[in-house]
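**Q** So here's target19.pdb (PDB, C-alpha atoms and all ligand atoms).
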ATOM      1  CA  MET A 284       3.181 -15.853 -22.799
ATOM      2  CA  SER A 285       5.461 -13.022 -23.817
ATOM      3  CA  ALA A 286       4.992  -9.338 -24.529
ATOM      4  CA  SER A 287       6.831  -6.626 -26.428
ATOM      5  CA  SER A 288       9.316  -4.463 -24.563
ATOM      6  CA  GLU A 289       6.970  -1.526 -25.096
ATOM      7  CA  VAL A 290       4.123  -3.341 -23.319
ATOM      8  CA  LEU A 291       6.406  -4.411 -20.460
ATOM      9  CA  ALA A 292       7.716  -0.846 -20.066
ATOM     10  CA  SER A 293       4.184   0.544 -19.958
ATOM     11  CA  LEU A 294       3.078  -2.025 -17.368
ATOM     12  CA  THR A 295       6.132  -1.209 -15.271
ATOM     13  CA  GLU A 296       5.170   2.467 -15.315
ATOM     14  CA  ASP A 297       1.570   1.551 -14.382
ATOM     15  CA  MET A 298       2.980  -0.341 -11.432
ATOM     16  CA  ALA A 299       5.036   2.642 -10.246
ATOM     17  CA  LEU A 300       1.883   4.774 -10.437
ATOM     18  CA  GLU A 301      -0.052   2.222  -8.356
ATOM     19  CA  HIS A 302       2.756   2.130  -5.807
ATOM     20  CA  GLY A 303       2.724   5.932  -5.498
ATOM     21  CA  ALA A 304      -1.078   5.930  -5.211
ATOM     22  CA  ILE A 305      -1.054   3.303  -2.436
ATOM     23  CA  MET A 306       1.275   5.370  -0.249
ATOM     24  CA  GLN A 307      -0.298   8.702  -1.117
ATOM     25  CA  TYR A 308      -3.756   7.461  -0.125
ATOM     26  CA  VAL A 309      -2.509   5.799   3.053
ATOM     27  CA  ILE A 310      -1.021   9.153   4.048
ATOM     28  CA  HIS A 311      -4.062  11.178   2.988
ATOM     29  CA  GLY A 312      -6.268   8.649   4.780
ATOM     30  CA  VAL A 313      -4.501   9.199   8.085
ATOM     31  CA  TYR A 314      -4.547  12.975   7.697
ATOM     32  CA  LEU A 315      -8.313  12.705   7.332
ATOM     33  CA  ARG A 316      -8.640  11.012  10.699
ATOM     34  CA  ASP A 317     -11.516  11.907  13.023
ATOM     35  CA  VAL A 318     -13.915  12.184  10.106
ATOM     36  CA  GLY A 319     -16.142   9.670   8.398
ATOM     37  CA  ILE A 320     -14.320   9.759   5.073
ATOM     38  CA  THR A 321     -11.090   8.145   6.281
ATOM     39  CA  ASP A 322     -12.340   4.617   5.671
ATOM     40  CA  GLN A 323     -13.201   5.378   2.078
ATOM     41  CA  VAL A 324      -9.707   6.633   1.315
ATOM     42  CA  ARG A 325      -8.137   3.621   3.029
ATOM     43  CA  LYS A 326     -10.425   1.308   1.096
ATOM     44  CA  ILE A 327      -9.199   2.853  -2.137
ATOM     45  CA  ALA A 328      -5.585   2.385  -0.992
ATOM     46  CA  ARG A 329      -6.318  -1.325  -0.471
ATOM     47  CA  GLU A 330      -7.798  -1.570  -3.971
ATOM     48  CA  GLU A 331      -4.599  -0.029  -5.384
ATOM     49  CA  MET A 332      -2.750  -2.830  -3.595
ATOM     50  CA  TRP A 333      -4.734  -5.362  -5.585
ATOM     51  CA  HIS A 334      -3.908  -3.508  -8.808
ATOM     52  CA  PHE A 335      -0.223  -3.409  -7.885
ATOM     53  CA  GLU A 336      -0.192  -7.142  -7.277
ATOM     54  CA  TRP A 337      -2.166  -7.977 -10.439
ATOM     55  CA  LEU A 338       0.249  -5.916 -12.539
ATOM     56  CA  ALA A 339       3.228  -7.646 -10.924
ATOM     57  CA  GLU A 340       1.643 -10.975 -11.822
ATOM     58  CA  ALA A 341       0.863  -9.869 -15.376
ATOM     59  CA  LEU A 342       4.460  -8.735 -15.802
ATOM     60  CA  ARG A 343       5.839 -12.009 -14.423
ATOM     61  CA  ASP A 344       3.615 -14.082 -16.718
ATOM     62  CA  ARG A 345       4.890 -12.129 -19.718
ATOM     63  CA  GLY A 346       8.585 -12.442 -18.961
ATOM     64  CA  GLY A 347       8.971  -9.092 -17.211
ATOM     65  CA  GLU A 348      10.009  -8.276 -13.685
ATOM     66  CA  GLY A 349       8.205  -6.111 -11.140
ATOM     67  CA  VAL A 350       9.935  -3.047  -9.787
ATOM     68  CA  LEU A 351       9.873  -1.060  -6.564
ATOM     69  CA  ASP A 352       9.840   2.257  -8.419
ATOM     70  CA  ARG A 353       7.321   4.682  -6.981
ATOM     71  CA  ALA A 354       5.754   7.546  -8.898
ATOM     72  CA  ASP A 355       5.861  11.029  -7.366
ATOM     73  CA  MET A 356       3.450  11.548  -4.523
ATOM     74  CA  PHE A 357       1.456  14.726  -3.852
ATOM     75  CA  LEU A 358       1.283  15.482  -0.149
ATOM     76  CA  SER A 359      -0.252  18.458   1.594
ATOM     77  CA  THR A 360      -1.648  19.408   4.990
ATOM     78  CA  SER A 361      -4.648  20.992   3.269
ATOM     79  CA  MET A 362      -7.491  18.511   2.970
ATOM     80  CA  GLY A 363      -8.922  20.221  -0.101
ATOM     81  CA  ASP A 364      -5.530  20.196  -1.850
ATOM     82  CA  SER A 365      -4.941  16.560  -0.886
ATOM     83  CA  LEU A 366      -8.206  15.423  -2.392
ATOM     84  CA  GLN A 367      -7.605  17.478  -5.551
ATOM     85  CA  ALA A 368      -4.207  15.763  -5.774
ATOM     86  CA  ASP A 369      -5.906  12.389  -5.385
ATOM     87  CA  ILE A 370      -8.245  13.233  -8.268
ATOM     88  CA  ALA A 371      -5.201  14.230 -10.363
ATOM     89  CA  THR A 372      -3.502  10.945  -9.402
ATOM     90  CA  GLU A 373      -6.490   8.981 -10.695
ATOM     91  CA  ASP A 374      -6.415  11.034 -13.900
ATOM     92  CA  LEU A 375      -2.744  10.193 -14.359
ATOM     93  CA  ALA A 376      -3.443   6.504 -13.807
ATOM     94  CA  LEU A 377      -6.340   6.597 -16.280
ATOM     95  CA  LEU A 378      -4.191   8.356 -18.849
ATOM     96  CA  HIS A 379      -1.409   5.847 -18.453
ATOM     97  CA  TYR A 380      -3.726   2.842 -18.614
ATOM     98  CA  ALA A 381      -5.129   4.259 -21.849
ATOM     99  CA  HIS A 382      -1.559   4.307 -23.148
ATOM    100  CA  THR A 383      -1.005   0.700 -22.058
ATOM    101  CA  LEU A 384      -4.231  -0.388 -23.756
ATOM    102  CA  GLU A 385      -3.047   1.350 -26.906
ATOM    103  CA  VAL A 386       0.358  -0.357 -26.988
ATOM    104  CA  VAL A 387      -1.212  -3.734 -26.182
ATOM    105  CA  GLY A 388      -3.687  -3.289 -29.021
ATOM    106  CA  HIS A 389      -5.124  -6.670 -30.049
ATOM    107  CA  SER A 390      -1.975  -8.575 -29.100
ATOM    108  CA  ASP A 391      -3.052  -9.768 -25.657
ATOM    109  CA  PRO A 392      -6.806  -9.878 -24.934
ATOM    110  CA  GLU A 393      -6.298 -11.259 -21.421
ATOM    111  CA  LEU A 394      -4.094  -8.290 -20.499
ATOM    112  CA  SER A 395      -6.496  -5.810 -22.121
ATOM    113  CA  ARG A 396      -9.377  -7.221 -20.084
ATOM    114  CA  LEU A 397      -7.364  -6.921 -16.887
ATOM    115  CA  ILE A 398      -6.444  -3.299 -17.602
ATOM    116  CA  GLU A 399     -10.046  -2.477 -18.514
ATOM    117  CA  ARG A 400     -11.146  -3.984 -15.227
ATOM    118  CA  ILE A 401      -8.625  -1.855 -13.310
ATOM    119  CA  VAL A 402      -9.783   1.223 -15.244
ATOM    120  CA  VAL A 403     -13.327   0.635 -13.945
ATOM    121  CA  ASP A 404     -11.912   0.944 -10.414
ATOM    122  CA  GLU A 405      -9.886   4.056 -11.227
ATOM    123  CA  ARG A 406     -12.966   5.809 -12.645
ATOM    124  CA  TYR A 407     -14.854   4.887  -9.492
ATOM    125  CA  HIS A 408     -11.975   6.158  -7.329
ATOM    126  CA  ARG A 409     -12.017   9.431  -9.196
ATOM    127  CA  LEU A 410     -15.754   9.827  -8.554
ATOM    128  CA  THR A 411     -15.267   9.020  -4.873
ATOM    129  CA  PHE A 412     -12.473  11.577  -4.491
ATOM    130  CA  GLU A 413     -14.582  14.183  -6.284
ATOM    131  CA  ARG A 414     -17.437  13.569  -3.880
ATOM    132  CA  LEU A 415     -15.104  13.671  -0.867
ATOM    133  CA  ALA A 416     -13.513  16.890  -2.140
ATOM    134  CA  GLN A 417     -16.946  18.451  -2.283
ATOM    135  CA  ASP A 418     -17.737  17.286   1.275
ATOM    136  CA  ALA A 419     -14.379  18.648   2.429
ATOM    137  CA  GLN A 420     -15.037  21.978   0.795
ATOM    138  CA  GLU A 421     -18.421  22.237   2.492
ATOM    139  CA  ALA A 422     -16.993  21.298   5.897
ATOM    140  CA  GLY A 423     -14.091  23.771   5.585
ATOM    141  CA  GLU A 424     -10.406  23.144   6.295
ATOM    142  CA  GLU A 425     -10.858  23.712  10.025
ATOM    143  CA  ALA A 426     -12.915  20.535  10.258
ATOM    144  CA  TYR A 427      -9.784  18.598   9.311
ATOM    145  CA  ALA A 428      -7.266  20.306  11.550
ATOM    146  CA  ALA A 429      -5.068  17.583  12.984
ATOM    147  CA  HIS A 430      -4.804  17.396  16.760
ATOM    148  CA  PRO A 431      -1.805  15.491  18.068
ATOM    149  CA  ILE A 432      -2.763  12.317  19.902
ATOM    150  CA  THR A 433       0.705  11.599  21.187
ATOM    151  CA  GLY A 434       3.823  13.633  22.020
ATOM    152  CA  PRO A 435       6.664  14.490  19.595
ATOM    153  CA  GLU A 436       8.989  12.172  21.564
ATOM    154  CA  ASP A 437       7.043   9.261  20.066
ATOM    155  CA  LEU A 438       8.228  10.166  16.551
ATOM    156  CA  ALA A 439      11.351   8.115  17.339
ATOM    157  CA  VAL A 440       9.072   5.095  17.703
ATOM    158  CA  ILE A 441       6.700   5.939  14.869
ATOM    159  CA  GLY A 442       9.332   6.580  12.142
ATOM    160  CA  PRO A 443      11.098   3.196  12.218
ATOM    161  CA  THR A 444       7.780   1.375  12.680
ATOM    162  CA  ILE A 445       6.358   3.020   9.548
ATOM    163  CA  GLN A 446       9.468   1.985   7.589
ATOM    164  CA  THR A 447       9.233  -1.634   8.737
ATOM    165  CA  GLU A 448       5.509  -1.868   8.059
ATOM    166  CA  TYR A 449       5.938  -0.277   4.628
ATOM    167  CA  ALA A 450       8.607  -2.866   3.796
ATOM    168  CA  SER A 451       6.253  -5.581   5.070
ATOM    169  CA  VAL A 452       3.381  -4.504   2.803
ATOM    170  CA  LEU A 453       5.642  -4.588  -0.256
ATOM    171  CA  GLN A 454       7.416  -7.812   0.700
ATOM    172  CA  TYR A 455       4.189  -9.760   1.142
ATOM    173  CA  LEU A 456       2.749  -8.422  -2.107
ATOM    174  CA  TRP A 457       6.015  -9.443  -3.734
ATOM    175  CA  ASN A 458       5.889 -12.863  -2.098
ATOM    176  CA  LYS A 459       2.392 -13.500  -3.360
ATOM    177  CA  TYR A 460       3.364 -12.929  -6.950
ATOM    178  CA  GLY A 461       6.990 -14.096  -6.685
ATOM    179  CA  CYS A 462       6.309 -17.520  -5.188
ATOM    180  CA  GLY A 463       4.372 -18.571  -8.262
ATOM    181  CA  ASP A 464       1.170 -20.442  -7.591
ATOM    182  CA  CYS A 465       2.501 -21.571  -4.241
ATOM    183  CA  GLU A 466       0.316 -22.820  -1.437
ATOM    184  CA  GLN A 467       1.129 -19.807   0.749
ATOM    185  CA  ALA A 468       0.158 -17.205  -1.883
ATOM    186  CA  GLU A 469      -3.184 -16.336  -0.285
ATOM    187  CA  THR A 470      -1.603 -16.184   3.154
ATOM    188  CA  TYR A 471       0.962 -13.728   1.825
ATOM    189  CA  PHE A 472      -1.777 -11.474   0.502
ATOM    190  CA  GLU A 473      -3.649 -11.679   3.784
ATOM    191  CA  LEU A 474      -0.450 -10.701   5.588
ATOM    192  CA  ALA A 475       0.061  -7.763   3.192
ATOM    193  CA  VAL A 476      -3.399  -6.467   4.137
ATOM    194  CA  ASP A 477      -2.577  -6.936   7.816
ATOM    195  CA  GLU A 478       0.659  -4.958   7.363
ATOM    196  CA  MET A 479      -1.308  -2.247   5.599
ATOM    197  CA  ARG A 480      -3.495  -1.957   8.701
ATOM    198  CA  HIS A 481      -0.432  -1.679  10.923
ATOM    199  CA  LEU A 482       1.033   0.928   8.610
ATOM    200  CA  SER A 483      -2.141   3.058   8.638
ATOM    201  CA  GLN A 484      -2.497   2.649  12.371
ATOM    202  CA  VAL A 485       0.998   3.817  13.274
ATOM    203  CA  ALA A 486       0.914   6.563  10.643
ATOM    204  CA  SER A 487      -2.315   7.896  12.181
ATOM    205  CA  TYR A 488      -0.206   9.259  15.069
ATOM    206  CA  VAL A 489       1.771  11.589  12.796
ATOM    207  CA  PRO A 490      -0.871  14.275  11.972
ATOM    208  CA  GLY A 491      -0.520  17.227  14.289
ATOM    209  CA  LEU A 492       3.127  16.397  15.017
ATOM    210  CA  VAL A 493       4.647  16.925  11.581
ATOM    211  CA  GLY A 494       3.368  17.523   8.070
ATOM    212  CA  PRO A 495       2.932  14.639   5.627
ATOM    213  CA  GLN A 496       6.271  13.315   4.430
ATOM    214  CA  PRO A 497       6.948  10.610   1.886
ATOM    215  CA  PRO A 498       8.619   7.656   3.611
ATOM    216  CA  ASP A 499      11.659   6.300   1.768
ATOM    217  CA  VAL A 500      10.982   3.372  -0.535
ATOM    218  CA  PRO A 501      12.391   0.519   1.595
ATOM    219  CA  SER A 502      14.227  -1.042  -1.346
ATOM    220  CA  ASP A 503      17.109  -2.170   0.895
ATOM    221  CA  ARG A 504      14.716  -4.325   2.919
ATOM    222  CA  VAL A 505      12.442  -5.793   0.278
ATOM    223  CA  ARG A 506      13.780  -8.886  -1.441
ATOM    224  CA  VAL A 507      12.673  -9.630  -4.964
ATOM    225  CA  VAL A 508      11.754 -13.306  -4.898
ATOM    226  CA  HIS A 509      11.328 -15.884  -7.648
ATOM    227  CA  SER A 510      10.459 -19.090  -5.799
ATOM    228  CA  THR A 511       8.593 -20.492  -2.811
ATOM    229  CA  ASP A 512      11.853 -20.916  -0.895
ATOM    230  CA  GLU A 513      12.987 -17.360  -1.560
ATOM    231  CA  ALA A 514       9.566 -16.007  -0.547
ATOM    232  CA  GLN A 515       9.631 -17.979   2.684
ATOM    233  CA  GLU A 516      13.178 -16.840   3.465
ATOM    234  CA  ALA A 517      12.230 -13.191   2.821
ATOM    235  CA  ALA A 518       9.211 -13.585   5.131
ATOM    236  CA  ARG A 519      11.399 -15.155   7.819
ATOM    237  CA  LEU A 520      13.907 -12.292   7.681
ATOM    238  CA  LEU A 521      11.194  -9.676   7.696
ATOM    239  CA  GLU A 522       9.296 -11.171  10.622
ATOM    240  CA  GLY A 523      12.581 -11.360  12.515
ATOM    241  CA  LEU A 524      13.104  -7.643  11.898
ATOM    242  CA  ALA A 525       9.536  -6.870  12.975
ATOM    243  CA  ALA A 526       9.877  -8.954  16.149
ATOM    244  CA  SER A 527      13.012  -7.124  17.291
ATOM    245  CA  LEU A 528      11.568  -3.743  16.319
ATOM    246  CA  TYR A 529       8.370  -4.327  18.281
ATOM    247  CA  SER A 530      10.101  -5.757  21.320
ATOM    248  CA  GLU A 531      12.145  -2.556  21.490
ATOM    249  CA  LYS A 532       9.540   0.035  20.446
ATOM    250  CA  SER A 533       6.329  -1.124  22.127
ATOM    251  CA  SER A 534       7.836  -0.465  25.561
ATOM    252  CA  ALA A 535       9.494   2.771  24.397
ATOM    253  CA  ALA A 536       6.234   4.470  23.301
ATOM    254  CA  LYS A 537       5.126   7.172  25.739
ATOM    255  CA  GLY A 538       1.576   7.618  24.449
ATOM    256  CA  ARG A 539      -0.790   5.060  25.928
ATOM    257  CA  ALA A 540      -2.902   4.486  22.809
ATOM    258  CA  LEU A 541       0.202   4.157  20.629
ATOM    259  CA  SER A 542       1.719   1.724  23.070
ATOM    260  CA  GLU A 543      -1.465  -0.396  23.069
ATOM    261  CA  ASP A 544      -1.512  -0.401  19.263
ATOM    262  CA  LEU A 545       2.114  -1.516  19.137
ATOM    263  CA  VAL A 546       1.517  -4.329  21.614
ATOM    264  CA  ARG A 547      -1.359  -5.558  19.484
ATOM    265  CA  ALA A 548       0.638  -5.314  16.242
ATOM    266  CA  ALA A 549       3.461  -7.248  17.925
ATOM    267  CA  ALA A 550       0.971 -10.013  18.770
ATOM    268  CA  HIS A 551      -0.215 -10.040  15.142
ATOM    269  CA  HIS A 552       3.388 -10.504  14.047
ATOM    270  CA  ASP A 553       3.680 -13.414  16.472
ATOM    271  CA  TYR A 554       0.706 -14.952  14.737
ATOM    272  CA  HIS A 555       2.286 -14.245  11.327
ATOM    273  CA  ARG A 556       5.272 -16.338  12.376
ATOM    274  CA  TYR A 557       2.884 -19.132  13.323
ATOM    275  CA  GLN A 558       0.994 -18.833  10.011
ATOM    276  CA  LEU A 559       4.281 -19.008   8.139
ATOM    277  CA  GLY A 560       5.320 -22.118  10.028
ATOM    278  CA  LEU A 561       8.212 -20.280  11.700
ATOM    279  CA  THR A 562       6.957 -21.066  15.205
ATOM    280  CA  ARG A 563       4.556 -23.547  16.698
TER     281      ARG A 563
HETATM  282 FE    FE B   1      -5.100   1.470  -9.215
HETATM  283 FE    FE B   2      -7.248   4.420  -8.177
HETATM  284 FE    FE B   3       3.015  -5.333  10.716
END
Can the structure from this file be put into structure tokens for me?
**A**
Amino acid sequence: MSASSEVLASLTEDMALEHGAIMQYVIHGVYLRDVGITDQVRKIAREEMWHFEWLAEALRDRGGEGVLDRADMFLSTSMGDSLQADIATEDLALLHYAHTLEVVGHSDPELSRLIERIVVDERYHRLTFERLAQDAQEAGEEAYAAHPITGPEDLAVIGPTIQTEYASVLQYLWNKYGCGDCEQAETYFELAVDEMRHLSQVASYVPGLVGPQPPDVPSDRVRVVHSTDEAQEAARLLEGLAASLYSEKSSAAKGRALSEDLVRAAAHHDYHRYQLGLTR
């Protein structure tokens, strides 16, 4: 299957928007901690992960190549502003998907159906954010004031852990689509979801210490893979990085809850190595 350069360019832009949305919602999700709406925002972030991976696959199948480009993110300490930004992000996605549908036209019904299916999600996300924004407005900003749950000294542990987990999410999404229809594909996706949990967990210690900041796109650590062997090698390197990071950082954390979370994440990474056949 092949596609015009215009279609590939539009899909690439859709992917960058999904990437930006994933990280924006992870960050907004953690800034909403202590309230019942956090889970809904995180759930939406996970759905954007599916979209990101589907688009990568669609691009691959049509002779294109996924990219690590990330659209601009809108970050704020105000809960009301954050949710308004999330609504605007869904609007942008919807607008861009409409453009993609237009350039695809009748040339690729399978792709059109996929985009239409994603659009259903984006409309639903928009409705959810609208509802949450209303709840947030009724509760008032004070209800969302972030109280630090660890000391500022732990930022030295949190920062590098966020970067490694962010790279892990992207690498495993990449592996799933890059390894072709390999046997490990589902495992890679499962690991990506696991890494997303670790990322949200460690990021949840940031509110109250510093304002929301966009983490750098870890393009130096994510390997674009095109085969089962390359995917496995990328996973091996990444898990090696994670193992040394966790062995250093889990004992360095001062906050007790953070330390417990890091010990658990380290054990998950041990299990990842087992799942990947790197250890017995
Ligand atoms: Fe999406
Ligand atoms: Fe969305
Ligand atoms: Fe992880």
**Q** Check every protein, DNA and RNA residue against ligand FE 2 (chain B), keep those with an atom at most 6 Å away (counting only C-alpha atoms and all ligand atoms), and present them as number ranges by chain.
**A** A: 331, 373, 405, 408
**Q** Give one line per residue of chain A that approaches ligand FE 3 (chain B) to at most 8 Å, naming the two atoms of the closest pair and their distance in Å to one decimal, counting all atoms listed in the file; sort by chain then ascending residue number and deliver it as CSV.
**A**
residue,atom,partner,partner_atom,distance
A:Thr447,CA,B:FE3,FE,7.5
A:Glu448,CA,B:FE3,FE,5.0
A:Ser451,CA,B:FE3,FE,6.5
A:Val452,CA,B:FE3,FE,8.0
A:Asp477,CA,B:FE3,FE,6.5
A:Glu478,CA,B:FE3,FE,4.1
A:Met479,CA,B:FE3,FE,7.4
A:Arg480,CA,B:FE3,FE,7.6
A:His481,CA,B:FE3,FE,5.0
A:Leu482,CA,B:FE3,FE,6.9
A:Ala525,CA,B:FE3,FE,7.1
A:Ala548,CA,B:FE3,FE,6.0
A:Ala549,CA,B:FE3,FE,7.5
A:His551,CA,B:FE3,FE,7.2
A:His552,CA,B:FE3,FE,6.2
**Q** Applied to the shown file, which residues does the PyMOL selection byres (((not hetatm)) within 8 of (chain B and resi 1)) return, written as a PDB file with C-alpha atoms, keeping the file's coordinate frame?
**A**
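Heads up, here's the output in out-v6.pdb:
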ATOM      1  CA  LEU A 300       1.883   4.774 -10.437  1.00  0.00           C
ATOM      2  CA  GLU A 301      -0.052   2.222  -8.356  1.00  0.00           C
ATOM      3  CA  ALA A 304      -1.078   5.930  -5.211  1.00  0.00           C
ATOM      4  CA  GLU A 330      -7.798  -1.570  -3.971  1.00  0.00           C
ATOM      5  CA  GLU A 331      -4.599  -0.029  -5.384  1.00  0.00           C
ATOM      6  CA  MET A 332      -2.750  -2.830  -3.595  1.00  0.00           C
ATOM      7  CA  TRP A 333      -4.734  -5.362  -5.585  1.00  0.00           C
ATOM      8  CA  HIS A 334      -3.908  -3.508  -8.808  1.00  0.00           C
ATOM      9  CA  PHE A 335      -0.223  -3.409  -7.885  1.00  0.00           C
ATOM     10  CA  GLU A 373      -6.490   8.981 -10.695  1.00  0.00           C
ATOM     11  CA  ALA A 376      -3.443   6.504 -13.807  1.00  0.00           C
ATOM     12  CA  ILE A 401      -8.625  -1.855 -13.310  1.00  0.00           C
ATOM     13  CA  VAL A 402      -9.783   1.223 -15.244  1.00  0.00           C
ATOM     14  CA  ASP A 404     -11.912   0.944 -10.414  1.00  0.00           C
ATOM     15  CA  GLU A 405      -9.886   4.056 -11.227  1.00  0.00           C
TER      16      GLU A 405
END
**Q** Per residue of range 383-465 of chain A within 12 Å of range 499-518 of chain A, which atom pair is closest and at what distance in Å (one decimal), using only C-alpha atoms, listed by chain and increasing number, as a tab-separated table?
**A**
residue	atom	partner	partner_atom	distance
A:Gly442	CA	A:Asp499	CA	10.6
A:Pro443	CA	A:Asp499	CA	10.9
A:Ile445	CA	A:Asp499	CA	10.0
A:Gln446	CA	A:Pro501	CA	6.8
A:Thr447	CA	A:Pro501	CA	8.1
A:Glu448	CA	A:Pro501	CA	9.7
A:Tyr449	CA	A:Pro501	CA	7.2
A:Ala450	CA	A:Pro501	CA	5.5
A:Ser451	CA	A:Val505	CA	7.8
A:Val452	CA	A:Val505	CA	9.5
A:Leu453	CA	A:Val505	CA	6.9
A:Gln454	CA	A:Val505	CA	5.4
A:Tyr455	CA	A:Ala518	CA	7.5
A:Leu456	CA	A:Ala514	CA	10.3
A:Trp457	CA	A:Val507	CA	6.8
A:Asn458	CA	A:Ala514	CA	5.1
A:Lys459	CA	A:Ala514	CA	8.1
A:Tyr460	CA	A:His509	CA	8.5
A:Gly461	CA	A:His509	CA	4.8
A:Cys462	CA	A:Thr511	CA	4.4
A:Gly463	CA	A:Ser510	CA	6.6
A:Asp464	CA	A:Thr511	CA	8.8
A:Cys465	CA	A:Thr511	CA	6.3
**Q** Counting only C-alpha atoms, figure out which residue out of A:Leu358, A:Asp344, A:Glu393, A:Ala526 gets nearest to His311 in chain A.
**A**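 Closest to His311 in chain A, using only C-alpha atoms: A:Leu358.
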**Q** Work out how far apart CA of Phe412 in chain A and CA of Asp355 in chain A are and give it in Å to one decimal.
**A**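 We find that CA of Phe412 in chain A and CA of Asp355 in chain A lie 18.6 Å from each other.
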**Q** Mind pulling up the distance from CA of Thr470 in chain A to CA of Arg556 in chain A?
**A**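 If I compute the distance from CA of Arg556 in chain A to CA of Thr470 in chain A, I get 11.5 Å.
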**Q** Quick one: distance from CA of Ala536 in chain A to CA of Val440 in chain A in Å, one decimal?
**A**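 Going from CA of Ala536 in chain A over to CA of Val440 in chain A covers 6.3 Å.
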**Q** Go through A:Ala429, A:Val290, A:Met306, A:Ala535 one by one, measure the shortest atom-to-atom distance of each to Gly494 in chain A using all atoms listed in the file, and give the residue with the smallest value.
**A**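 Nearest candidate to Gly494 in chain A out of A:Ala429, A:Val290, A:Met306, A:Ala535: A:Ala429.
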**Q** Which residue is closest to Val485 in chain A? Choose from A:Met298, A:Ile305, A:Ile310, A:Leu315 and count all atoms listed in the file.
**A**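 Ranking A:Met298, A:Ile305, A:Ile310, A:Leu315 by distance to Val485 in chain A, first place goes to A:Ile310.
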**Q** Run the PyMOL selection byres (((chain A and resi 387) around 10) and not hetatm) mentally over the shown coordinates, then write out the matched residues as a PDB file with C-alpha atoms, keeping the file's coordinate frame, using the chain letters and numbers from the document.
**A**
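Result file follows (selection38.pdb):
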ATOM      1  CA  ALA A 286       4.992  -9.338 -24.529  1.00  0.00           C
ATOM      2  CA  SER A 287       6.831  -6.626 -26.428  1.00  0.00           C
ATOM      3  CA  GLU A 289       6.970  -1.526 -25.096  1.00  0.00           C
ATOM      4  CA  VAL A 290       4.123  -3.341 -23.319  1.00  0.00           C
ATOM      5  CA  LEU A 291       6.406  -4.411 -20.460  1.00  0.00           C
ATOM      6  CA  SER A 293       4.184   0.544 -19.958  1.00  0.00           C
ATOM      7  CA  LEU A 294       3.078  -2.025 -17.368  1.00  0.00           C
ATOM      8  CA  ALA A 381      -5.129   4.259 -21.849  1.00  0.00           C
ATOM      9  CA  HIS A 382      -1.559   4.307 -23.148  1.00  0.00           C
ATOM     10  CA  THR A 383      -1.005   0.700 -22.058  1.00  0.00           C
ATOM     11  CA  LEU A 384      -4.231  -0.388 -23.756  1.00  0.00           C
ATOM     12  CA  GLU A 385      -3.047   1.350 -26.906  1.00  0.00           C
ATOM     13  CA  VAL A 386       0.358  -0.357 -26.988  1.00  0.00           C
ATOM     14  CA  GLY A 388      -3.687  -3.289 -29.021  1.00  0.00           C
ATOM     15  CA  HIS A 389      -5.124  -6.670 -30.049  1.00  0.00           C
ATOM     16  CA  SER A 390      -1.975  -8.575 -29.100  1.00  0.00           C
ATOM     17  CA  ASP A 391      -3.052  -9.768 -25.657  1.00  0.00           C
ATOM     18  CA  PRO A 392      -6.806  -9.878 -24.934  1.00  0.00           C
ATOM     19  CA  LEU A 394      -4.094  -8.290 -20.499  1.00  0.00           C
ATOM     20  CA  SER A 395      -6.496  -5.810 -22.121  1.00  0.00           C
TER      21      SER A 395
END
**Q** Given the point (-2.8, 16.8, -1.5) in the file's coordinates, find the residues that have an atom at most 12 Å from it, counting all atoms listed in the file, and give them as a PyMOL selection string.
**A** chain A and resi 304+307-312+314-315+355-372+412+416+494-496
**Q** Applied to the shown file, which residues does the PyMOL selection byres (((chain A and resi 352) around 9) and not hetatm) return, written as a PyMOL selection string?
**A** chain A and resi 295-296+298-300+302-303+349-351+353-354+500+502
**Q** Of the residues A:Leu438, A:Ala486, A:Leu415, A:Leu375, which is the one nearest to Val313 in chain A, using all atoms listed in the file?
**A**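 Smallest distance to Val313 in chain A is found for A:Ala486.
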**Q** Which is closest to Gly346 in chain A among A:Leu524, A:Ser285, A:Val403, A:Ile398, if we use all atoms listed in the file?
**A** A:Ser285
